[in-house]
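Contents: one structure, followed by commentary.
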Amino acid sequence: MSLRQQIHSVLNQEDLNFLLTNRLPRRWLTQFMGWFSKIEQPWVRDLSIAIWKYFSALDLSEAQKSRFTSMHDCFTRELKPGLRPVAMDPLVMSSPVDAIVGAHGPIEGTRVFQAKGFPYTLQDLLGEEENIADWVDGSFVTLRLTSSMYHRFHAPFDCTVERVRYFSGDTWNVNPIALRRVEKLFCKNERAFIRTRLGGDGPCAGQRVALVPVAAILVASIRLHFLDVLFHLRYQGPTTVACDAPFSKGQEMGWFQHGSTVIVLAPKGFGLCEGLVDGDHVCMGQALMRWSGSGV
């Protein structure tokens, strides 16, 4: 067994994995990584990316450029044009990210699940002051990004962003091990709530879909291109911003550093596309949810 396989075997032990990724000083490590990843010293950059490649499935063959100024530049890399075709069916919501499908299904009233037996509510996630009526008894899907994936997120539909709310919080790991152990984890971590109104003239027009990018350990930095601000652990600006930002389906909306999670909240009438199950890998632009209008 190679050294890499031995290390992976050790880290796959749940108790040790949870200890190493959650019981360390999470906020300090996250702030340190934010600083360290931006160092443009060539040997720091090259060694960091080499270690990252050794311990993950990092594939840079799809990247638009082959040289990076820093590890952060590599984290937030753009893809070569045309590599992610977007499902343009007007009844289909496309995936906003490259990700692994996690917990998903109907929203039971206002109750959502991060893992089996670990519920949270829309109010827990979005705040008591938010009007959650659009998603009561709707559907949700959790999309988990790993460290080696493409980290930019895109509009899942022709839509207009109406509101953004930023929640400062913790930086728990969001891997499946932590999701099975920490109650309401997504509601504790730093996150942004992005409320959109679907556009076009099809049957979905006017419906409201929400994207909730959730940060995690080593990640807590969220950039939204339509706001001139970078949300991070030291952010002290306004937490709620009214918007009127139109996006075309597949258009880039922003990014976050390293890897994390995007939760998609959809109203009645949307359900996960047939054939998708927990653990499936989806690409940005791939069909994710379909409108049936039947109130699933």
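Residues are referred to by chain and number: the chain letter is A, B, ... according to the order shown in the structure tokens, the number counts from 1 in that chain, and ligands are numbered separately from 1 in the order shown.
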Excluding Ala287 (chain A) and its own-chain neighbours fewer than 5 positions away, which residues fall within 7 Å of it when counting only C-alpha atoms? Please give them as a PDB file with C-alpha atoms, in the first residue's frame.
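File written: part_37.pdb
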ATOM      1  CA  ALA A  87     -29.539  22.006 -20.328  1.00  0.00           C
ATOM      2  CA  VAL A  92     -35.426  22.070 -16.394  1.00  0.00           C
ATOM      3  CA  MET A  93     -33.342  23.758 -13.730  1.00  0.00           C
ATOM      4  CA  SER A  94     -29.663  23.134 -14.389  1.00  0.00           C
ATOM      5  CA  SER A  95     -27.068  22.441 -11.731  1.00  0.00           C
ATOM      6  CA  CYS A 273     -34.586  14.840 -12.280  1.00  0.00           C
TER       7      CYS A 273
END
Set out as JSON lines a contact list for region 116-177 of chain A and region 60-75 of chain A with a cut-off of 9 Å, giving each residue of region 116-177 of chain A that qualifies its closest atom pair and distance in Å to one decimal, counting only C-alpha atoms, ordered by chain and rising residue number.
{"residue": "A:Ser147", "atom": "CA", "partner": "A:Phe75", "partner_atom": "CA", "distance": 8.1}
{"residue": "A:Ser148", "atom": "CA", "partner": "A:Phe75", "partner_atom": "CA", "distance": 8.0}
{"residue": "A:Met149", "atom": "CA", "partner": "A:Phe75", "partner_atom": "CA", "distance": 8.5}
{"residue": "A:Tyr150", "atom": "CA", "partner": "A:Phe75", "partner_atom": "CA", "distance": 7.6}
{"residue": "A:His151", "atom": "CA", "partner": "A:Phe75", "partner_atom": "CA", "distance": 6.8}
Minimum-distance residue to Glu183 (chain A), chosen among A:Gly285, A:Gly82, A:Pro119, A:Gly169 (using only C-alpha atoms)
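Once distances to Glu183 (chain A) are computed over only C-alpha atoms, the minimum belongs to A:Pro119.
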Closest pair table for region 116-196 of chain A residues within 10 Å of region 209-217 of chain A, only C-alpha atoms, as a tab-separated table:
residue	atom	partner	partner_atom	distance
A:Leu125	CA	A:Val212	CA	8.7
A:Leu126	CA	A:Val212	CA	8.8
A:Asp134	CA	A:Val209	CA	8.2
A:Trp135	CA	A:Val209	CA	8.1
A:Phe140	CA	A:Ala210	CA	9.6
A:Thr142	CA	A:Val212	CA	9.5
A:Leu143	CA	A:Pro213	CA	9.4
A:Arg144	CA	A:Val214	CA	9.6
A:Phe153	CA	A:Pro213	CA	9.0
A:Ala155	CA	A:Leu211	CA	9.3
A:Pro156	CA	A:Val209	CA	9.1
A:Phe157	CA	A:Val209	CA	9.1
A:Cys159	CA	A:Val209	CA	8.9
A:Val161	CA	A:Ala210	CA	9.2
A:Arg163	CA	A:Ala210	CA	9.7
A:Val164	CA	A:Val212	CA	9.7
A:Arg165	CA	A:Val212	CA	9.6
A:Tyr166	CA	A:Val212	CA	9.8
A:Phe167	CA	A:Val214	CA	9.5
A:Ser168	CA	A:Ala215	CA	9.8
A:Gly169	CA	A:Ala215	CA	9.0
A:Asp170	CA	A:Ala216	CA	7.6
A:Thr171	CA	A:Ala216	CA	4.4
A:Trp172	CA	A:Ala216	CA	5.4
A:Asn173	CA	A:Ile217	CA	5.3
A:Val174	CA	A:Ala216	CA	6.3
A:Asn175	CA	A:Ala216	CA	9.4
A:Leu185	CA	A:Val214	CA	9.9
A:Phe186	CA	A:Val214	CA	6.7
A:Cys187	CA	A:Val214	CA	8.8
A:Lys188	CA	A:Val214	CA	9.6
A:Asn189	CA	A:Ala215	CA	6.4
A:Glu190	CA	A:Ala215	CA	5.4
A:Arg191	CA	A:Val214	CA	4.3
A:Ala192	CA	A:Val212	CA	5.5
A:Phe193	CA	A:Val212	CA	4.7
A:Ile194	CA	A:Leu211	CA	5.1
A:Arg195	CA	A:Ala210	CA	4.6
A:Thr196	CA	A:Val209	CA	5.4
Resulting file, chosen residues, C-alpha atoms, as a short mmCIF file (atom, residue, chain, number, x, y, z; two decimals), in the first residue's frame:
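The resulting file, result33.cif, is shown below:
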data_model
loop_
_atom_site.label_atom_id
_atom_site.label_comp_id
_atom_site.auth_asym_id
_atom_site.auth_seq_id
_atom_site.Cartn_x
_atom_site.Cartn_y
_atom_site.Cartn_z
CA LEU A 125 -31.33 28.28 7.52
CA LEU A 126 -32.75 31.60 6.28
CA ASP A 134 -42.29 30.22 -1.52
CA TRP A 135 -40.55 27.03 -0.37
CA PHE A 140 -34.53 20.83 -2.03
CA THR A 142 -27.84 19.62 -1.43
CA LEU A 143 -24.83 19.90 -3.72
CA ARG A 144 -21.40 19.23 -2.18
CA PHE A 153 -21.41 28.72 -9.38
CA ALA A 155 -27.45 30.67 -12.64
CA PRO A 156 -29.62 27.52 -12.81
CA PHE A 157 -32.32 29.32 -14.83
CA CYS A 159 -33.61 34.64 -13.40
CA VAL A 161 -31.60 38.05 -8.13
CA ARG A 163 -32.18 39.77 -2.47
CA VAL A 164 -28.99 38.59 -0.83
CA ARG A 165 -28.59 38.01 2.88
CA TYR A 166 -25.25 37.19 4.46
CA PHE A 167 -24.97 35.11 7.65
CA SER A 168 -21.68 35.19 9.52
CA GLY A 169 -21.04 31.93 11.29
CA ASP A 170 -18.79 29.00 12.04
CA THR A 171 -16.65 26.96 9.64
CA TRP A 172 -17.51 23.33 10.37
CA ASN A 173 -16.42 20.81 7.77
CA VAL A 174 -19.40 19.91 5.55
CA ASN A 175 -18.34 16.38 4.62
CA LEU A 185 -24.61 22.26 10.66
CA PHE A 186 -25.55 24.30 7.57
CA CYS A 187 -27.44 26.73 9.81
CA LYS A 188 -24.34 27.28 11.96
CA ASN A 189 -21.84 27.92 9.17
CA GLU A 190 -21.15 31.11 7.28
CA ARG A 191 -23.50 31.30 4.29
CA ALA A 192 -25.34 33.54 1.85
CA PHE A 193 -29.01 33.39 0.90
CA ILE A 194 -29.65 34.33 -2.74
CA ARG A 195 -33.33 34.75 -3.62
CA THR A 196 -34.13 34.67 -7.33
#
Could you give me, as a VMD selection string, the residues within 12 Å of Gly138 (chain A), counting only C-alpha atoms and dropping anything in the same chain fewer than 4 positions from it?
chain A and resid 104 to 112 122 132 to 134 207 to 210 264 to 272 289 291 293 to 296
So how many Å separate CA of Ala99 (chain A) and CA of Thr160 (chain A), to one decimal?
23.2 Å
Using only C-alpha atoms, can you tell me which of A:Leu198, A:Ile51, A:Leu58, A:Val101 comes closest to Gly279 (chain A)?
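So, comparing all the options, the nearest one is A:Val101.
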Please identify the strand (DSSP E or B) residues within region 52-143 of chain A (assignment by DSSP from backbone atoms) and present them as a VMD selection string.
chain A and resid 63 79 92 to 94 99 to 106 108 111 to 115 118 to 121 139 to 143
Using only C-alpha atoms, which residues sit within 10 Å of Lys116 (chain A) once same-chain residues fewer than 4 positions away are excluded, as JSON, numbers by chain?
{"A": [103, 179, 180]}
How would the residues just chosen look if you wrote them out with N, CA and C atoms as an mmCIF file, in the first residue's frame?
data_model
loop_
_atom_site.group_PDB
_atom_site.id
_atom_site.type_symbol
_atom_site.label_atom_id
_atom_site.label_comp_id
_atom_site.auth_asym_id
_atom_site.auth_seq_id
_atom_site.Cartn_x
_atom_site.Cartn_y
_atom_site.Cartn_z
ATOM 1 N N ALA A 103 -28.145 15.096 0.346
ATOM 2 C CA ALA A 103 -29.538 14.971 0.764
ATOM 3 C C ALA A 103 -30.441 15.795 -0.155
ATOM 4 N N LEU A 179 -21.801 15.891 8.740
ATOM 5 C CA LEU A 179 -23.250 16.069 8.598
ATOM 6 C C LEU A 179 -24.034 15.037 9.399
ATOM 7 N N ARG A 180 -23.411 13.884 9.675
ATOM 8 C CA ARG A 180 -24.070 12.854 10.483
ATOM 9 C C ARG A 180 -23.867 13.071 11.981
#
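Candidate residues A:Thr76, A:Gln114, A:Asp59, A:Ala205 were compared for distance to Lys38 (chain A), and the nearest is A:Thr76, using only C-alpha atoms.
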Show me, as a list in words, the residues that have an atom within 7 Å of Val282 (chain A) when counting only C-alpha atoms, minus same-chain residues fewer than 4 positions from it.
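The filter keeps Asp98, Ala99, Ile100 and Gln286 of chain A.
Of note, CA of Leu91 (chain A) and CA of Thr261 (chain A) are spaced 24.2 Å apart.
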Selected residue, from A:Asp158, A:Asp124, A:Glu129, A:Asp89, that lies nearest to Arg290 (chain A) when counting only C-alpha atoms:
A:Asp89
Please, what distance in Å, to one decimal, runs between CA of Arg223 (chain A) and CA of Arg45 (chain A)?
21.9 Å
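If only C-alpha atoms are the atoms counted, then among A:Leu288, A:Met88, A:Ala50, A:Leu276 the closest residue to Gly250 (chain A) is A:Met88.
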Would you please give, as a ChimeraX atom specification, all residues of region 92-269 of chain A that DSSP assigns to helix (DSSP H, G or I) based on the backbone?
/A:122-126,133-135,176-179,185-188
